[in-house]
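Chemist: Please find one structure pasted underneath; my questions will follow.
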Amino acid sequence: METDKSASPRNDWTRNEIAALFELPFTELVFRAAEVHRANHPANEVQLSTLMSIKTGGCAEDCGYCSQSASADSGVKATRLMDVQQVLQAAAQAKDHGSTRFCMGAAWRNPKDRDMPRIVEMVKGVRDMGLETCMTLGMLTEGQSQMLADAGLDYYNHNIDTSPENYANITSTRTMEDRLDTLANVRGAGINVCSGGIVGMGETRDDRVGFIHTLATLPEHPGSVPVNALVPVKGTVLGDMLADTPLAMIDEIEFVRTVAVARITMPRSMVRLSAGRESMSVSTQALCFLAGANSIFTGDKLLTAPNAGNDSDAAMFERLGIAAMAAQNDRPDMSRAGGCRTLAAAQ
Ligand code: SAM
Ligand code: DTB
Ligand code: SF4
């Protein structure tokens with residue numbers, strides 16, 4: 001099967017086609033992904049986003065990977081929703097450090113209607129600073145999605161996490177259908193979708209195929225696709241399982257393969273090398289960038305887990321000759337829906 005690097009995005013990928021990509025010799029797969037990347041994006045630019053937890057812990061869902069679930073014994077302290085001013089201060093700092101996108105996360109199954117006015121103020125305030133805004137608050141109704149769209153929210157993050165078959169092994173308090181319903185509400189309100197998942201939860205290759213297949217066959221590809229490597233947290237179901245069976249840890253080559261297949265199947269999306277970079281070598285991250293990852297989270301902390309930090313990322317960019325990408329909003333040639341530059345503009 002040949003890869004048509006400049007073809008329009010396809011939404012009719014079959015699982016067999018995706019499985020065949022995973023099975024390519026590693027350098028062949030990475031080479032093809034790099035070709036697709038260069039045809040659709042600037043090759044040596046990586047977008048910087050900063051994450052902030054605006055409401056931590058005590059979550060009613062039981063996601064087996066998550067330190068913030070009330071059913072985990074991770075030691076994470078539950079907090080209330082932050083004040084708007086606190087959030088705006090952190091956004092200003094993120095901007096000073098070169099971030100162009102500020103992503104606010106809440107440990108909720110879903111926001112309550114009484115939370116929405118404060119959330120809306122946060123979106124407006126961060127946007128007024130010239131940053132792109134992203135929120136991840138759990139399930140949303142159509143009405144809540146519309147409120148966020150009216151406030152000017154650029155992206156909504158809502159991960160499908162894994163394959164449809166594996167979903168119930170990871171979370172029992174909601175279904176993949178619930179996730180897809182929220183993605184439809186967000187898309188329907190005109191907000192860019194950010195959706196991806198986690199690799200290294202003890203899933204099979206076939207689950208990784210099903211995970212990418214679900215994303216690549218959505219009615220529109222997500223504008224951003226975060227690929228997280230599981231951060232094993234003590235006291236969570238999956239963190240404890242991996243502590244007992246370290247062989248289930250994801251092989252880094254398989255992680256890079258997953259990034260490459262995401263790049264080939266969703267050519268215009270931003271592919272974000274998300275959680276797990278702290279324990280990844282610069283060489284593995286460089287392979288991910290070669291294979292088409294073009295976005296990272298910066299700063300010392302993700303939501304609750306440590307992250308690589310601004311200084312080590314600046315040093316890595318220097319070593320690799322990578323430049324921070326300008327805010328997409330500033331670029332007239334970036335489409336809001338696709339979140340990436342056109343082929344002509346990238347050359
Ligand atoms: N509660 C909201 C939700 O679940 O959509 C938003 C926050 S949730 C923490 C956002 C995403 O972070 C999850 O969907 C998952 O993909 C990722 N994540 C959470 N804990 C993680 C971990 N320990 N390792 C890797 N990724 C993780
Ligand atoms: C995503 O896919 N990864 C980010 C973001 N979306 C919200 C979250 C990673 C969380 C890592 C574990 C933690 O910090 O608790
Ligand atoms: Fe709650 Fe989100 Fe963590 Fe699941 S991933 S337990 S929904 S905060």
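Each chain in the structure tokens gets a letter, A, B, ..., in the order shown, and its residues are numbered from 1; ligands are numbered from 1 in order too.
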Need to verify the contact set: range 167-179 of chain A, 12 Å, only C-alpha atoms, exclusion of same-chain residues closer than 2 positions in sequence. Can you return it as a compact mmCIF listing (two decimals) with all heavy atoms, in the first residue's frame?

Modeler:
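Dumped to selection_17.txt:
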```
# COMPACT_ATOMS: atom_id res chain seq x y z
N CYS A 59 -12.96 13.17 41.32
CA CYS A 59 -13.84 12.97 40.16
C CYS A 59 -14.70 11.70 40.33
O CYS A 59 -14.21 10.66 40.80
CB CYS A 59 -13.00 12.86 38.90
SG CYS A 59 -13.98 12.67 37.40
N ALA A 60 -15.95 11.80 39.89
CA ALA A 60 -16.89 10.69 40.05
C ALA A 60 -16.65 9.54 39.07
O ALA A 60 -17.19 8.45 39.26
CB ALA A 60 -18.31 11.22 39.84
N GLU A 61 -15.83 9.75 38.05
CA GLU A 61 -15.57 8.68 37.08
C GLU A 61 -14.45 7.76 37.61
O GLU A 61 -13.67 8.17 38.49
CB GLU A 61 -15.15 9.28 35.74
CG GLU A 61 -16.14 10.28 35.18
CD GLU A 61 -17.02 9.70 34.09
OE1 GLU A 61 -17.27 8.47 34.08
OE2 GLU A 61 -17.48 10.49 33.26
N ASP A 62 -14.37 6.56 37.04
CA ASP A 62 -13.37 5.62 37.57
C ASP A 62 -12.29 5.23 36.55
O ASP A 62 -11.85 4.08 36.53
CB ASP A 62 -14.08 4.37 38.13
CG ASP A 62 -14.70 3.52 37.03
OD1 ASP A 62 -14.72 3.97 35.85
OD2 ASP A 62 -15.14 2.39 37.31
N CYS A 63 -11.86 6.19 35.74
CA CYS A 63 -10.84 5.92 34.72
C CYS A 63 -9.60 5.31 35.40
O CYS A 63 -9.02 5.94 36.30
CB CYS A 63 -10.47 7.20 33.99
SG CYS A 63 -11.92 8.12 33.44
N GLY A 64 -9.22 4.12 34.95
CA GLY A 64 -8.20 3.34 35.67
C GLY A 64 -6.81 3.94 35.65
O GLY A 64 -5.95 3.52 36.42
N TYR A 65 -6.57 4.91 34.78
CA TYR A 65 -5.25 5.53 34.68
C TYR A 65 -5.14 6.79 35.53
O TYR A 65 -4.07 7.33 35.73
CB TYR A 65 -4.96 5.92 33.21
CG TYR A 65 -6.12 6.67 32.55
CD1 TYR A 65 -6.34 8.03 32.80
CD2 TYR A 65 -7.01 6.02 31.70
CE1 TYR A 65 -7.40 8.71 32.23
CE2 TYR A 65 -8.07 6.70 31.13
CZ TYR A 65 -8.26 8.04 31.40
OH TYR A 65 -9.33 8.71 30.85
N CYS A 66 -6.27 7.31 36.05
CA CYS A 66 -6.30 8.70 36.48
C CYS A 66 -6.13 8.90 37.99
O CYS A 66 -6.87 8.34 38.79
CB CYS A 66 -7.59 9.36 36.01
SG CYS A 66 -7.59 11.14 36.31
N SER A 69 -9.38 10.42 39.97
CA SER A 69 -10.63 9.71 40.25
C SER A 69 -10.81 9.56 41.76
O SER A 69 -9.85 9.22 42.47
CB SER A 69 -10.57 8.32 39.59
OG SER A 69 -11.61 7.53 40.09
N SER A 71 -12.11 7.22 43.09
CA SER A 71 -11.89 5.81 43.45
C SER A 71 -10.41 5.42 43.47
O SER A 71 -10.09 4.28 43.80
CB SER A 71 -12.70 4.89 42.54
OG SER A 71 -12.61 5.29 41.22
N ARG A 109 -16.99 14.68 35.83
CA ARG A 109 -17.69 13.82 34.86
C ARG A 109 -18.32 14.74 33.82
O ARG A 109 -18.32 14.47 32.63
CB ARG A 109 -18.76 13.00 35.60
CG ARG A 109 -19.62 12.15 34.71
CD ARG A 109 -20.50 11.25 35.56
NE ARG A 109 -21.63 10.73 34.83
CZ ARG A 109 -21.58 9.72 33.98
NH1 ARG A 109 -20.44 9.10 33.75
NH2 ARG A 109 -22.65 9.31 33.36
N ASN A 110 -18.87 15.86 34.30
CA ASN A 110 -19.44 16.89 33.43
C ASN A 110 -19.57 18.17 34.26
O ASN A 110 -19.75 18.09 35.48
CB ASN A 110 -20.82 16.48 32.90
CG ASN A 110 -21.77 16.09 34.01
OD1 ASN A 110 -21.82 14.91 34.39
ND2 ASN A 110 -22.49 17.04 34.56
N GLY A 138 -14.94 17.21 30.78
CA GLY A 138 -15.81 16.04 30.80
C GLY A 138 -16.93 16.17 29.77
O GLY A 138 -16.82 16.93 28.81
N MET A 139 -18.01 15.43 30.03
CA MET A 139 -19.10 15.40 29.04
C MET A 139 -19.81 16.75 28.96
O MET A 139 -19.97 17.41 29.99
CB MET A 139 -20.12 14.35 29.43
CG MET A 139 -19.58 12.94 29.32
SD MET A 139 -20.85 11.72 29.58
CE MET A 139 -20.57 11.31 31.27
N LEU A 140 -20.21 17.13 27.77
CA LEU A 140 -20.93 18.40 27.57
C LEU A 140 -22.26 18.15 26.88
O LEU A 140 -22.34 17.33 25.96
CB LEU A 140 -20.14 19.35 26.66
CG LEU A 140 -18.85 19.99 27.15
CD1 LEU A 140 -18.37 20.99 26.10
CD2 LEU A 140 -19.02 20.68 28.49
N THR A 141 -23.27 18.93 27.26
CA THR A 141 -24.54 18.92 26.52
C THR A 141 -24.40 19.84 25.30
O THR A 141 -23.44 20.61 25.21
CB THR A 141 -25.68 19.45 27.39
OG1 THR A 141 -25.37 20.82 27.72
CG2 THR A 141 -25.85 18.64 28.67
N ASN A 157 -10.98 19.51 24.51
CA ASN A 157 -10.30 18.21 24.58
C ASN A 157 -11.21 17.17 25.24
O ASN A 157 -11.73 17.40 26.34
CB ASN A 157 -8.98 18.34 25.36
CG ASN A 157 -8.41 16.98 25.72
OD1 ASN A 157 -8.31 16.62 26.89
ND2 ASN A 157 -8.05 16.19 24.73
N HIS A 158 -11.39 16.07 24.56
CA HIS A 158 -12.22 14.99 25.09
C HIS A 158 -11.70 13.72 24.44
O HIS A 158 -11.96 13.47 23.26
CB HIS A 158 -13.68 15.27 24.69
CG HIS A 158 -14.69 14.56 25.52
ND1 HIS A 158 -14.87 14.79 26.86
CD2 HIS A 158 -15.61 13.61 25.18
CE1 HIS A 158 -15.87 14.04 27.32
NE2 HIS A 158 -16.32 13.30 26.32
N ASN A 159 -10.94 12.94 25.19
CA ASN A 159 -10.24 11.81 24.59
C ASN A 159 -11.11 10.56 24.52
O ASN A 159 -11.91 10.30 25.42
CB ASN A 159 -8.98 11.49 25.39
CG ASN A 159 -7.90 12.55 25.22
OD1 ASN A 159 -7.98 13.37 24.30
ND2 ASN A 159 -6.92 12.56 26.09
N ILE A 160 -10.89 9.79 23.45
CA ILE A 160 -11.57 8.48 23.38
C ILE A 160 -10.71 7.42 24.07
O ILE A 160 -11.16 6.31 24.29
CB ILE A 160 -11.89 8.06 21.93
CG1 ILE A 160 -10.60 7.93 21.11
CG2 ILE A 160 -12.88 9.02 21.28
CD1 ILE A 160 -10.77 7.03 19.91
N ASP A 161 -9.47 7.77 24.33
CA ASP A 161 -8.52 7.00 25.14
C ASP A 161 -8.03 5.68 24.54
O ASP A 161 -6.85 5.39 24.60
CB ASP A 161 -9.06 6.76 26.56
CG ASP A 161 -8.86 7.98 27.44
OD1 ASP A 161 -7.97 8.79 27.13
OD2 ASP A 161 -9.62 8.15 28.41
N THR A 162 -8.94 4.84 24.03
CA THR A 162 -8.48 3.52 23.56
C THR A 162 -9.47 3.01 22.51
O THR A 162 -10.31 3.77 22.02
CB THR A 162 -8.32 2.56 24.77
OG1 THR A 162 -7.70 1.35 24.34
CG2 THR A 162 -9.64 2.27 25.46
N SER A 163 -9.38 1.72 22.17
CA SER A 163 -10.29 1.16 21.16
C SER A 163 -11.69 0.97 21.76
O SER A 163 -11.83 0.86 22.99
CB SER A 163 -9.79 -0.22 20.72
OG SER A 163 -9.87 -1.12 21.81
N PRO A 164 -12.72 0.90 20.93
CA PRO A 164 -14.06 0.63 21.46
C PRO A 164 -14.12 -0.66 22.27
O PRO A 164 -14.77 -0.71 23.32
CB PRO A 164 -14.93 0.52 20.19
CG PRO A 164 -14.18 1.26 19.13
CD PRO A 164 -12.73 1.13 19.47
N GLU A 165 -13.38 -1.70 21.84
CA GLU A 165 -13.43 -3.00 22.53
C GLU A 165 -12.77 -2.94 23.90
O GLU A 165 -13.12 -3.70 24.81
CB GLU A 165 -12.69 -4.11 21.74
CG GLU A 165 -13.03 -4.26 20.31
CD GLU A 165 -12.30 -3.24 19.45
OE1 GLU A 165 -11.10 -3.36 19.23
OE2 GLU A 165 -12.98 -2.28 19.02
N ASP A 181 -20.72 11.11 21.73
CA ASP A 181 -21.84 12.07 21.77
C ASP A 181 -21.33 13.47 22.11
O ASP A 181 -21.73 14.46 21.50
CB ASP A 181 -22.88 11.66 22.82
CG ASP A 181 -23.69 10.46 22.37
OD1 ASP A 181 -23.60 10.10 21.18
OD2 ASP A 181 -24.41 9.87 23.22
N THR A 182 -20.44 13.55 23.12
CA THR A 182 -19.89 14.87 23.47
C THR A 182 -19.10 15.44 22.31
O THR A 182 -19.22 16.63 21.98
CB THR A 182 -19.03 14.80 24.75
OG1 THR A 182 -19.89 14.53 25.85
CG2 THR A 182 -18.27 16.09 25.01
N LEU A 183 -18.30 14.60 21.65
CA LEU A 183 -17.53 15.11 20.50
C LEU A 183 -18.47 15.67 19.44
O LEU A 183 -18.20 16.71 18.82
CB LEU A 183 -16.65 14.00 19.91
CG LEU A 183 -15.48 13.54 20.79
CD1 LEU A 183 -14.65 12.47 20.08
CD2 LEU A 183 -14.57 14.71 21.17
N ALA A 184 -19.63 15.00 19.24
CA ALA A 184 -20.60 15.50 18.24
C ALA A 184 -21.18 16.84 18.69
O ALA A 184 -21.36 17.75 17.88
CB ALA A 184 -21.70 14.46 18.03
N ASN A 185 -21.47 16.98 19.99
CA ASN A 185 -22.00 18.26 20.50
C ASN A 185 -20.98 19.39 20.29
O ASN A 185 -21.35 20.50 19.90
CB ASN A 185 -22.34 18.15 21.99
CG ASN A 185 -23.55 17.26 22.23
OD1 ASN A 185 -24.33 17.01 21.31
ND2 ASN A 185 -23.70 16.78 23.45
N VAL A 186 -19.73 19.09 20.57
CA VAL A 186 -18.66 20.10 20.44
C VAL A 186 -18.50 20.49 18.96
O VAL A 186 -18.45 21.68 18.62
CB VAL A 186 -17.34 19.52 21.03
CG1 VAL A 186 -16.15 20.39 20.68
CG2 VAL A 186 -17.46 19.36 22.54
N VAL A 193 -12.30 20.19 17.66
CA VAL A 193 -12.20 19.02 18.52
C VAL A 193 -10.73 18.65 18.75
O VAL A 193 -9.94 18.65 17.81
CB VAL A 193 -12.95 17.83 17.87
CG1 VAL A 193 -12.57 16.51 18.52
CG2 VAL A 193 -14.45 18.06 17.94
N SER A 195 -8.99 15.37 20.30
CA SER A 195 -9.29 14.05 20.86
C SER A 195 -8.20 13.05 20.51
O SER A 195 -7.76 12.97 19.36
CB SER A 195 -10.66 13.55 20.35
OG SER A 195 -11.01 12.38 21.07
N GLY A 196 -7.78 12.32 21.51
CA GLY A 196 -6.76 11.29 21.31
C GLY A 196 -6.89 10.26 22.40
O GLY A 196 -8.02 9.91 22.79
N GLY A 197 -5.77 9.81 22.92
CA GLY A 197 -5.86 8.77 23.95
C GLY A 197 -4.52 8.44 24.55
O GLY A 197 -3.57 9.22 24.47
N ILE A 198 -4.48 7.27 25.16
CA ILE A 198 -3.30 6.86 25.93
C ILE A 198 -2.77 5.54 25.37
O ILE A 198 -3.55 4.62 25.09
CB ILE A 198 -3.66 6.66 27.42
CG1 ILE A 198 -4.41 7.87 27.97
CG2 ILE A 198 -2.41 6.40 28.24
CD1 ILE A 198 -4.79 7.76 29.44
N VAL A 199 -1.47 5.48 25.24
CA VAL A 199 -0.81 4.25 24.81
C VAL A 199 -0.03 3.73 26.01
O VAL A 199 0.53 4.52 26.78
CB VAL A 199 0.13 4.56 23.62
CG1 VAL A 199 0.88 3.32 23.18
CG2 VAL A 199 -0.65 5.16 22.47
N GLY A 200 -0.03 2.41 26.20
CA GLY A 200 0.76 1.84 27.30
C GLY A 200 -0.08 1.46 28.50
O GLY A 200 0.42 1.40 29.61
N MET A 201 -1.38 1.21 28.24
CA MET A 201 -2.25 0.82 29.37
C MET A 201 -2.39 -0.70 29.42
O MET A 201 -3.36 -1.21 30.00
CB MET A 201 -3.62 1.46 29.22
CG MET A 201 -3.58 2.98 29.24
SD MET A 201 -5.22 3.73 29.35
CE MET A 201 -5.90 3.37 27.74
N GLY A 202 -1.48 -1.41 28.77
CA GLY A 202 -1.59 -2.87 28.71
C GLY A 202 -2.48 -3.31 27.56
O GLY A 202 -2.85 -4.49 27.47
N GLU A 203 -2.78 -2.38 26.64
CA GLU A 203 -3.66 -2.72 25.50
C GLU A 203 -2.87 -3.51 24.45
O GLU A 203 -1.63 -3.51 24.47
CB GLU A 203 -4.25 -1.44 24.88
CG GLU A 203 -3.33 -0.59 24.03
CD GLU A 203 -2.34 0.27 24.82
OE1 GLU A 203 -2.51 0.41 26.04
OE2 GLU A 203 -1.38 0.76 24.20
N ASP A 207 -5.82 -3.03 19.74
CA ASP A 207 -6.50 -1.90 20.41
C ASP A 207 -5.96 -0.57 19.89
O ASP A 207 -6.71 0.40 19.72
CB ASP A 207 -6.31 -1.95 21.93
CG ASP A 207 -7.12 -3.08 22.56
OD1 ASP A 207 -8.26 -3.31 22.12
OD2 ASP A 207 -6.59 -3.73 23.49
N ARG A 208 -4.65 -0.51 19.65
CA ARG A 208 -4.08 0.74 19.13
C ARG A 208 -4.61 0.99 17.71
O ARG A 208 -4.88 2.13 17.33
CB ARG A 208 -2.54 0.71 19.18
CG ARG A 208 -2.01 0.76 20.60
CD ARG A 208 -0.51 0.85 20.69
NE ARG A 208 0.18 -0.41 20.46
CZ ARG A 208 0.37 -1.35 21.37
NH1 ARG A 208 -0.06 -1.20 22.60
NH2 ARG A 208 1.01 -2.47 21.07
N GLY A 210 -7.58 0.01 16.65
CA GLY A 210 -8.98 0.43 16.83
C GLY A 210 -9.09 1.86 17.34
O GLY A 210 -10.02 2.60 16.97
N PHE A 211 -8.14 2.26 18.16
CA PHE A 211 -8.09 3.62 18.69
C PHE A 211 -7.90 4.63 17.55
O PHE A 211 -8.68 5.58 17.36
CB PHE A 211 -6.97 3.67 19.74
CG PHE A 211 -6.37 5.01 20.05
CD1 PHE A 211 -7.17 6.06 20.49
CD2 PHE A 211 -4.99 5.24 19.91
CE1 PHE A 211 -6.60 7.31 20.80
CE2 PHE A 211 -4.43 6.47 20.22
CZ PHE A 211 -5.24 7.51 20.64
N THR A 214 -10.90 4.72 15.13
CA THR A 214 -12.06 5.48 15.62
C THR A 214 -11.87 6.97 15.35
O THR A 214 -12.79 7.66 14.89
CB THR A 214 -12.27 5.22 17.13
OG1 THR A 214 -12.40 3.81 17.32
CG2 THR A 214 -13.51 5.92 17.67
N LEU A 215 -10.66 7.48 15.61
CA LEU A 215 -10.40 8.92 15.40
C LEU A 215 -10.40 9.27 13.90
O LEU A 215 -10.97 10.28 13.49
CB LEU A 215 -9.05 9.30 16.00
CG LEU A 215 -8.92 9.21 17.52
CD1 LEU A 215 -7.46 9.42 17.94
CD2 LEU A 215 -9.81 10.24 18.21
N THR A 236 -3.56 4.12 41.42
CA THR A 236 -4.56 3.96 40.36
C THR A 236 -4.52 2.50 39.91
O THR A 236 -3.49 1.83 40.07
CB THR A 236 -4.26 4.86 39.14
OG1 THR A 236 -2.97 4.49 38.59
CG2 THR A 236 -4.22 6.34 39.52
N VAL A 237 -5.62 2.05 39.32
CA VAL A 237 -5.69 0.64 38.90
C VAL A 237 -4.55 0.32 37.93
O VAL A 237 -3.81 -0.67 38.10
CB VAL A 237 -7.05 0.36 38.21
CG1 VAL A 237 -7.10 -1.04 37.65
CG2 VAL A 237 -8.20 0.61 39.18
N LEU A 238 -4.36 1.18 36.93
CA LEU A 238 -3.37 0.86 35.89
C LEU A 238 -1.95 1.12 36.37
O LEU A 238 -1.03 0.38 36.00
CB LEU A 238 -3.67 1.65 34.61
CG LEU A 238 -4.92 1.16 33.88
CD1 LEU A 238 -5.34 2.15 32.81
CD2 LEU A 238 -4.69 -0.20 33.26
N GLY A 239 -1.77 2.14 37.19
CA GLY A 239 -0.43 2.42 37.74
C GLY A 239 0.04 1.24 38.58
O GLY A 239 1.19 0.80 38.46
```

Chemist: Among range 205-292 of chain A, which ones does DSSP place in alpha helix (DSSP H), written as a ChimeraX atom specification?

Modeler: /A:205-216,237-244,252-265,282-290

Chemist: Sorted by chain and rising residue number, which residues of chain A lie within 9 Å of ligand 2, and what are their closest atom pairs and distances in Å to one decimal, counting only C-alpha atoms and all ligand atoms, as a Markdown table?

Modeler:
```
| residue | atom | partner | partner_atom_place_in_ligand_line | distance |
| --- | --- | --- | --- | --- |
| A:Leu51 | CA | ligand 2 | 7 (C) | 6.8 |
| A:Met52 | CA | ligand 2 | 7 (C) | 8.4 |
| A:Ser53 | CA | ligand 2 | 14 (O) | 8.4 |
| A:Tyr65 | CA | ligand 2 | 12 (C) | 8.3 |
| A:Cys66 | CA | ligand 2 | 15 (O) | 6.4 |
| A:Ser67 | CA | ligand 2 | 15 (O) | 5.8 |
| A:Gln68 | CA | ligand 2 | 15 (O) | 6.9 |
| A:Cys103 | CA | ligand 2 | 7 (C) | 7.0 |
| A:Met104 | CA | ligand 2 | 7 (C) | 7.4 |
| A:Gly105 | CA | ligand 2 | 7 (C) | 5.8 |
| A:Ala106 | CA | ligand 2 | 7 (C) | 8.7 |
| A:Met135 | CA | ligand 2 | 7 (C) | 8.0 |
| A:Thr136 | CA | ligand 2 | 7 (C) | 6.2 |
| A:Asn157 | CA | ligand 2 | 6 (N) | 6.2 |
| A:His158 | CA | ligand 2 | 6 (N) | 7.5 |
| A:Asn159 | CA | ligand 2 | 2 (O) | 6.3 |
| A:Asp161 | CA | ligand 2 | 2 (O) | 8.3 |
| A:Cys194 | CA | ligand 2 | 2 (O) | 8.2 |
| A:Ser195 | CA | ligand 2 | 2 (O) | 7.1 |
| A:Gly196 | CA | ligand 2 | 2 (O) | 6.1 |
| A:Gly197 | CA | ligand 2 | 2 (O) | 6.0 |
| A:Ile198 | CA | ligand 2 | 2 (O) | 7.5 |
| A:Val225 | CA | ligand 2 | 2 (O) | 7.8 |
| A:Pro226 | CA | ligand 2 | 2 (O) | 4.8 |
| A:Val227 | CA | ligand 2 | 2 (O) | 6.5 |
| A:Asn228 | CA | ligand 2 | 2 (O) | 5.9 |
| A:Ala229 | CA | ligand 2 | 11 (C) | 8.8 |
| A:Leu230 | CA | ligand 2 | 11 (C) | 7.8 |
| A:Val231 | CA | ligand 2 | 12 (C) | 6.3 |
| A:Pro232 | CA | ligand 2 | 12 (C) | 8.8 |
| A:Val233 | CA | ligand 2 | 15 (O) | 8.4 |
| A:Arg272 | CA | ligand 2 | 2 (O) | 8.1 |
| A:Leu273 | CA | ligand 2 | 3 (N) | 8.8 |
| A:Ser274 | CA | ligand 2 | 3 (N) | 5.4 |
| A:Ala275 | CA | ligand 2 | 9 (C) | 5.0 |
| A:Gly276 | CA | ligand 2 | 11 (C) | 7.6 |
| A:Phe297 | CA | ligand 2 | 4 (C) | 8.0 |
| A:Lys301 | CA | ligand 2 | 14 (O) | 6.8 |
| A:Leu302 | CA | ligand 2 | 14 (O) | 4.1 |
| A:Leu303 | CA | ligand 2 | 14 (O) | 3.4 |
| A:Thr304 | CA | ligand 2 | 14 (O) | 3.7 |
| A:Ala305 | CA | ligand 2 | 14 (O) | 3.8 |
| A:Pro306 | CA | ligand 2 | 14 (O) | 6.8 |
| A:Asn307 | CA | ligand 2 | 14 (O) | 8.1 |
```

Chemist: Would you mind reading off the distance between CA of Ala324 in chain A and CA of Ser281 in chain A, one decimal, in Å?

Modeler: 19.6 Å

Chemist: What is the distance, in Å and to one decimal place, between CA of Cys288 in chain A and CA of Asp96 in chain A?

Modeler: 26.3 Å

Chemist: From the DSSP assignment of the backbone, select every residue of range 147-282 of chain A that is strand (DSSP E), and format the answer as a ChimeraX atom specification.

Modeler: /A:155-157,192-194,197-199,224-229,270-273

Chemist: Could you please determine the separation between CA of Leu21 in chain A and CA of Ile264 in chain A in Å, to one decimal place?

Modeler: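 It comes out at 8.7 Å.
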